[in-house]
Protein chains: 2
Amino acid sequence: MLRVLGVDPGLTRCGLGAVEGRPGTPLSLVAVGVVRTPADDDIGARLVAVETGIERWLDDVRPDAVAVERVFAQHNVRTVMGTAQAAAVAILCAARRGLPVALHTPSEVKAAITGSGTADKKQVGLMVTRLLRLDAMPKPADAADALALAICHLWRGAAQNRLADALARAKGKP
Amino acid sequence: MLRVLGVDPGLTRCGLGAVEGRPGTPLSLVAVGVVRTPADDDIGARLVAVETGIERWLDDVRPDAVAVERVFAQHNVRTVMGTAQAAAVAILCAARRGLPVALHTPSEVKAAITGSGTADKKQVGLMVTRLLRLDAMPKPADAADALALAICHLWRGAAQNRLADALARAKGKP
């Protein structure tokens with residue numbers, strides 16, 4: 001069993017979602033929520049609050065790996081700096097504990113969860129709800145996105161391991 | 001006397017420079033250098049190394065305030081994410097200690113040091129060398145830029161305080 005904490009980074013709302021599973025068995029929800037920081041606080045106070053929140057999640061959830069959304073400079077210029085800085089705090093908190101950190105792009109996550117790299121937020125939310133057998137879609141969207149990141153990481157990791165195993169077997173053949 | 005640590009954020013080279021002074025007296029250099037992280041390390045290891053380096057500087061220099069270059073998404077897209085993430089770590093380290101953190105744009109720094117917001121790196125380096133009465137220009141450029149940030153912060157803070165005092169005096173008048 002692998003337990004993955006997904007982080008949809010942000011200063012106003014940082015989505016956090018932990019999922020447990022292994023290839024070929026149903027996934028299960030461990031925890032989901034958001035860390036919020038007030039928009040009128042200064043950047044220093046906000047980053048400290050994000051750090052405190054993520055540390056608490058890591059203490060509670062004890063994940064085996066952390067998956068963080070990869071932030072691109074091309075995206076919404078108005079918010080991208082805050083997103084990149086919240087992502088930095090998440091990566092720092094995980095790496096400080098020696099946890100493996102993976103970055104996945106939004107289109108990698110969408111493709112893993114829905115089969116389409118251009119799926120919309122609602123479609124991702126519906127698939128997360130279905131895959132984790134939840135009664136309702138996790139809200140806000142940042143929380144659902146964090147779960148999608150965790151699922152994407154579980155599946156991509158599993159696929160990469162199967163590929164590595166297959167290559168190792170092929171190499172081992174006479 | 002105010003002691004300011006300037007941080008020119010970056011993952012490959014993070015410039016650090018501490019300056020001490022007060023308005024109307026010559027400035028003095030406290031320390032200058034860079035924290036480097038290997039480009040082939042993963043982002044988690046690099047952010048942890050930046051944090052460790054900045055923590056050591058804060059322990060050694062014991063500044064009253066920290067000035068960090070404000071990063072814009074419009075700049076060099078290839079490196080801006082790493083710069084924003086290194087800046088986040090610097091802001092986080094300072095705010096965690098309760099130190100005031102100020103962000104200054106590159107043009108604010110250039111204007112404060114040289115009188116022109118569009119001055120080049122060499123001109124900034126020359127003025128830093130002159131203002132701190134150094135024998136040679138601090139190298140690499142990131143180290144000189146960190147000192148320029150610290151000087152900018154000392155002077156802008158002083159100017160803002162003088163303005164606030166003048167306004168307070170004007171208000172106090174009958």
# chains A, B, ... in the order shown; residues from 1 in each chain; ligands from 1
>>> residues_around(residues="Arg22 in chain B", least_positions_apart="3", cutoff="12 Å", atoms="only C-alpha atoms", output="PDB file with N, CA and C atoms, in the first residue's frame")
ATOM      1  N   MET B   1      21.363  52.264  14.753  1.00  0.00           N
ATOM      2  CA  MET B   1      21.949  51.448  13.679  1.00  0.00           C
ATOM      3  C   MET B   1      20.972  50.358  13.266  1.00  0.00           C
ATOM      4  N   LEU B   2      20.793  50.202  11.952  1.00  0.00           N
ATOM      5  CA  LEU B   2      19.927  49.132  11.439  1.00  0.00           C
ATOM      6  C   LEU B   2      20.801  48.198  10.606  1.00  0.00           C
ATOM      7  N   ARG B   3      20.623  46.905  10.831  1.00  0.00           N
ATOM      8  CA  ARG B   3      21.367  45.921  10.062  1.00  0.00           C
ATOM      9  C   ARG B   3      20.386  45.193   9.154  1.00  0.00           C
ATOM     10  N   VAL B   4      20.625  45.254   7.840  1.00  0.00           N
ATOM     11  CA  VAL B   4      19.699  44.680   6.857  1.00  0.00           C
ATOM     12  C   VAL B   4      20.414  43.587   6.065  1.00  0.00           C
ATOM     13  N   VAL B  19      24.307  44.759   5.391  1.00  0.00           N
ATOM     14  CA  VAL B  19      24.834  46.119   5.484  1.00  0.00           C
ATOM     15  C   VAL B  19      24.285  46.747   6.761  1.00  0.00           C
ATOM     16  N   THR B  25      24.985  58.725   8.069  1.00  0.00           N
ATOM     17  CA  THR B  25      26.315  58.200   8.391  1.00  0.00           C
ATOM     18  C   THR B  25      26.723  57.206   7.307  1.00  0.00           C
ATOM     19  N   PRO B  26      28.028  56.998   7.128  1.00  0.00           N
ATOM     20  CA  PRO B  26      28.446  56.042   6.100  1.00  0.00           C
ATOM     21  C   PRO B  26      27.934  54.639   6.420  1.00  0.00           C
ATOM     22  N   LEU B  27      27.657  53.884   5.350  1.00  0.00           N
ATOM     23  CA  LEU B  27      27.206  52.501   5.505  1.00  0.00           C
ATOM     24  C   LEU B  27      28.409  51.607   5.735  1.00  0.00           C
ATOM     25  N   SER B  28      28.194  50.476   6.379  1.00  0.00           N
ATOM     26  CA  SER B  28      29.308  49.523   6.452  1.00  0.00           C
ATOM     27  C   SER B  28      28.874  48.117   6.077  1.00  0.00           C
ATOM     28  N   ILE B 151      21.097  48.061   0.876  1.00  0.00           N
ATOM     29  CA  ILE B 151      21.287  49.527   0.911  1.00  0.00           C
ATOM     30  C   ILE B 151      19.986  50.232   0.542  1.00  0.00           C
ATOM     31  N   HIS B 153      17.033  49.163   0.929  1.00  0.00           N
ATOM     32  CA  HIS B 153      16.078  49.047   2.030  1.00  0.00           C
ATOM     33  C   HIS B 153      16.391  50.030   3.155  1.00  0.00           C
ATOM     34  N   LEU B 154      17.675  50.162   3.486  1.00  0.00           N
ATOM     35  CA  LEU B 154      18.078  51.113   4.532  1.00  0.00           C
ATOM     36  C   LEU B 154      17.646  52.533   4.148  1.00  0.00           C
ATOM     37  N   TRP B 155      17.876  52.910   2.895  1.00  0.00           N
ATOM     38  CA  TRP B 155      17.594  54.275   2.459  1.00  0.00           C
ATOM     39  C   TRP B 155      16.112  54.532   2.258  1.00  0.00           C
ATOM     40  N   ARG B 156      15.421  53.579   1.667  1.00  0.00           N
ATOM     41  CA  ARG B 156      13.977  53.773   1.460  1.00  0.00           C
ATOM     42  C   ARG B 156      13.263  53.823   2.807  1.00  0.00           C
ATOM     43  N   GLY B 157      13.682  52.943   3.714  1.00  0.00           N
ATOM     44  CA  GLY B 157      13.085  52.939   5.062  1.00  0.00           C
ATOM     45  C   GLY B 157      13.306  54.284   5.730  1.00  0.00           C
ATOM     46  N   ALA B 158      14.544  54.801   5.613  1.00  0.00           N
ATOM     47  CA  ALA B 158      14.865  56.086   6.234  1.00  0.00           C
ATOM     48  C   ALA B 158      14.024  57.202   5.616  1.00  0.00           C
ATOM     49  N   ALA B 159      13.902  57.177   4.271  1.00  0.00           N
ATOM     50  CA  ALA B 159      13.129  58.207   3.580  1.00  0.00           C
ATOM     51  C   ALA B 159      11.664  58.135   3.999  1.00  0.00           C
ATOM     52  N   ASN B 161      10.515  56.966   6.800  1.00  0.00           N
ATOM     53  CA  ASN B 161      10.399  57.430   8.185  1.00  0.00           C
ATOM     54  C   ASN B 161      10.431  58.957   8.258  1.00  0.00           C
TER      55      ASN B 161
END
>>> interface_residues(of="chain B", to="chain A", cutoff="8 Å", atoms="only C-alpha atoms", output="PyMOL selection string")
chain B and resi 43-45+47-48+71-74+77+80-81+84-89+91-92+94-96+101
>>> select_by_dssp(residues="range 12-174 of chain A", states="alpha helix (DSSP H)", output="number ranges by chain")
A: 43-61, 77-96, 106-114, 121-131, 141-172
>>> select_by_dssp(residues="chain B", states="strand (DSSP E)", output="ChimeraX atom specification")
/B:2-8,13-21,28-36,65-69,101-104
>>> write_last_selection(atoms="N, CA, C and O atoms", output="compact mmCIF listing (two decimals), in the first residue's frame")
# COMPACT_ATOMS: atom_id res chain seq x y z
N LEU B 2 20.79 50.20 11.95
CA LEU B 2 19.93 49.13 11.44
C LEU B 2 20.80 48.20 10.61
O LEU B 2 21.62 48.65 9.81
N ARG B 3 20.62 46.90 10.83
CA ARG B 3 21.37 45.92 10.06
C ARG B 3 20.39 45.19 9.15
O ARG B 3 19.41 44.60 9.63
N VAL B 4 20.63 45.25 7.84
CA VAL B 4 19.70 44.68 6.86
C VAL B 4 20.41 43.59 6.06
O VAL B 4 21.54 43.77 5.60
N LEU B 5 19.74 42.44 5.94
CA LEU B 5 20.24 41.37 5.05
C LEU B 5 19.47 41.44 3.74
O LEU B 5 18.24 41.33 3.72
N GLY B 6 20.20 41.66 2.65
CA GLY B 6 19.59 41.64 1.31
C GLY B 6 19.73 40.26 0.70
O GLY B 6 20.74 39.59 0.89
N VAL B 7 18.67 39.81 0.02
CA VAL B 7 18.69 38.49 -0.62
C VAL B 7 18.33 38.64 -2.10
O VAL B 7 17.23 39.10 -2.44
N ASP B 8 19.27 38.27 -2.97
CA ASP B 8 18.99 38.22 -4.42
C ASP B 8 18.69 36.75 -4.72
O ASP B 8 19.61 35.95 -4.86
N ARG B 13 22.52 30.30 -7.75
CA ARG B 13 23.25 31.21 -6.87
C ARG B 13 22.24 32.11 -6.18
O ARG B 13 21.50 32.84 -6.84
N CYS B 14 22.22 32.08 -4.86
CA CYS B 14 21.38 32.99 -4.08
C CYS B 14 22.32 33.98 -3.41
O CYS B 14 23.11 33.61 -2.54
N GLY B 15 22.25 35.25 -3.85
CA GLY B 15 23.15 36.27 -3.31
C GLY B 15 22.69 36.74 -1.94
O GLY B 15 21.50 36.94 -1.71
N LEU B 16 23.65 36.93 -1.02
CA LEU B 16 23.33 37.39 0.33
C LEU B 16 24.30 38.49 0.71
O LEU B 16 25.52 38.32 0.54
N GLY B 17 23.78 39.59 1.22
CA GLY B 17 24.65 40.70 1.60
C GLY B 17 24.05 41.47 2.75
O GLY B 17 22.89 41.86 2.70
N ALA B 18 24.84 41.67 3.79
CA ALA B 18 24.35 42.39 4.98
C ALA B 18 25.09 43.71 5.12
O ALA B 18 26.31 43.78 4.98
N VAL B 19 24.31 44.76 5.39
CA VAL B 19 24.83 46.12 5.48
C VAL B 19 24.28 46.75 6.76
O VAL B 19 23.13 46.50 7.13
N GLU B 20 25.10 47.57 7.39
CA GLU B 20 24.66 48.24 8.61
C GLU B 20 24.77 49.75 8.40
O GLU B 20 25.70 50.21 7.73
N GLY B 21 23.86 50.48 8.95
CA GLY B 21 23.95 51.92 8.82
C GLY B 21 22.77 52.63 9.43
O GLY B 21 21.84 52.01 9.92
N SER B 28 28.19 50.48 6.38
CA SER B 28 29.31 49.52 6.45
C SER B 28 28.87 48.12 6.08
O SER B 28 27.75 47.69 6.33
N LEU B 29 29.82 47.41 5.44
CA LEU B 29 29.59 46.03 5.02
C LEU B 29 29.71 45.11 6.24
O LEU B 29 30.66 45.21 7.01
N VAL B 30 28.73 44.22 6.40
CA VAL B 30 28.79 43.22 7.48
C VAL B 30 29.29 41.89 6.91
O VAL B 30 30.23 41.30 7.43
N ALA B 31 28.67 41.44 5.84
CA ALA B 31 29.07 40.17 5.21
C ALA B 31 28.46 40.09 3.83
O ALA B 31 27.42 40.70 3.56
N VAL B 32 29.11 39.36 2.95
CA VAL B 32 28.57 39.17 1.60
C VAL B 32 29.01 37.80 1.07
O VAL B 32 30.09 37.32 1.40
N GLY B 33 28.11 37.17 0.31
CA GLY B 33 28.44 35.86 -0.26
C GLY B 33 27.27 35.28 -1.04
O GLY B 33 26.31 36.00 -1.33
N VAL B 34 27.39 34.03 -1.40
CA VAL B 34 26.30 33.36 -2.12
C VAL B 34 26.09 31.96 -1.55
O VAL B 34 27.02 31.36 -1.02
N VAL B 35 24.84 31.51 -1.65
CA VAL B 35 24.52 30.11 -1.38
C VAL B 35 24.28 29.47 -2.74
O VAL B 35 23.47 29.99 -3.52
N ARG B 36 24.99 28.40 -3.04
CA ARG B 36 24.85 27.73 -4.34
C ARG B 36 24.20 26.37 -4.14
O ARG B 36 24.43 25.71 -3.12
N ALA B 65 16.22 43.40 9.75
CA ALA B 65 15.22 43.31 8.69
C ALA B 65 15.84 42.56 7.51
O ALA B 65 17.07 42.50 7.38
N VAL B 66 14.98 42.00 6.66
CA VAL B 66 15.43 41.28 5.48
C VAL B 66 14.76 41.89 4.25
O VAL B 66 13.55 42.16 4.27
N ALA B 67 15.56 42.17 3.22
CA ALA B 67 15.03 42.74 1.97
C ALA B 67 15.26 41.72 0.86
O ALA B 67 16.39 41.27 0.64
N VAL B 68 14.18 41.34 0.18
CA VAL B 68 14.24 40.31 -0.87
C VAL B 68 13.81 40.94 -2.19
O VAL B 68 12.87 41.75 -2.21
N GLU B 69 14.49 40.56 -3.27
CA GLU B 69 14.07 41.10 -4.57
C GLU B 69 12.70 40.57 -4.93
O GLU B 69 12.41 39.38 -4.81
N VAL B 101 10.05 41.71 6.68
CA VAL B 101 10.51 41.36 5.33
C VAL B 101 9.98 42.42 4.36
O VAL B 101 8.79 42.72 4.37
N ALA B 102 10.85 42.97 3.55
CA ALA B 102 10.42 43.93 2.52
C ALA B 102 10.81 43.40 1.16
O ALA B 102 11.85 42.76 1.02
N LEU B 103 9.95 43.63 0.18
CA LEU B 103 10.26 43.26 -1.19
C LEU B 103 10.50 44.53 -1.99
O LEU B 103 9.73 45.47 -1.91
N HIS B 104 11.61 44.57 -2.73
CA HIS B 104 11.91 45.71 -3.58
C HIS B 104 12.10 45.21 -5.00
O HIS B 104 12.73 44.17 -5.22
>>> residues_around(residues="range 134-139 of chain B", least_positions_apart="5", cutoff="8 Å", atoms="only C-alpha atoms", output="MDAnalysis selection string")
chainID B and resid 32 125:126 128:129 144
>>> write_last_selection(atoms="C-alpha atoms", output="PDB file, in the first residue's frame")
ATOM      1  CA  VAL B  32      28.572  39.167   1.596  1.00  0.00           C
ATOM      2  CA  GLY B 125      28.182  47.107  -8.650  1.00  0.00           C
ATOM      3  CA  LEU B 126      30.346  50.244  -8.894  1.00  0.00           C
ATOM      4  CA  VAL B 128      27.830  49.415  -4.090  1.00  0.00           C
ATOM      5  CA  THR B 129      31.646  49.316  -4.058  1.00  0.00           C
ATOM      6  CA  ALA B 144      26.647  42.745  -5.263  1.00  0.00           C
TER       7      ALA B 144
END
>>> atom_distance(atom1="CA of Ala170 in chain A", atom2="CA of Glu108 in chain A")
27.7 Å
>>> residues_around(residues="Gly117 in chain B", least_positions_apart="2", cutoff="7 Å", atoms="only C-alpha atoms", output="list in words")
Ser107, Glu108, Lys110, Ala111, Gly115 and Ala119 of chain B
>>> atom_distance(atom1="CA of Ile113 in chain B", atom2="CA of Cys152 in chain B")
6.5 Å
>>> atom_distance(atom1="CA of Thr105 in chain B", atom2="CA of Arg70 in chain B")
4.9 Å
>>> closest_residue(among="B:Leu167, B:Val109, B:Ala148, B:Leu11", to="Leu132 in chain B", atoms="only C-alpha atoms")
B:Ala148
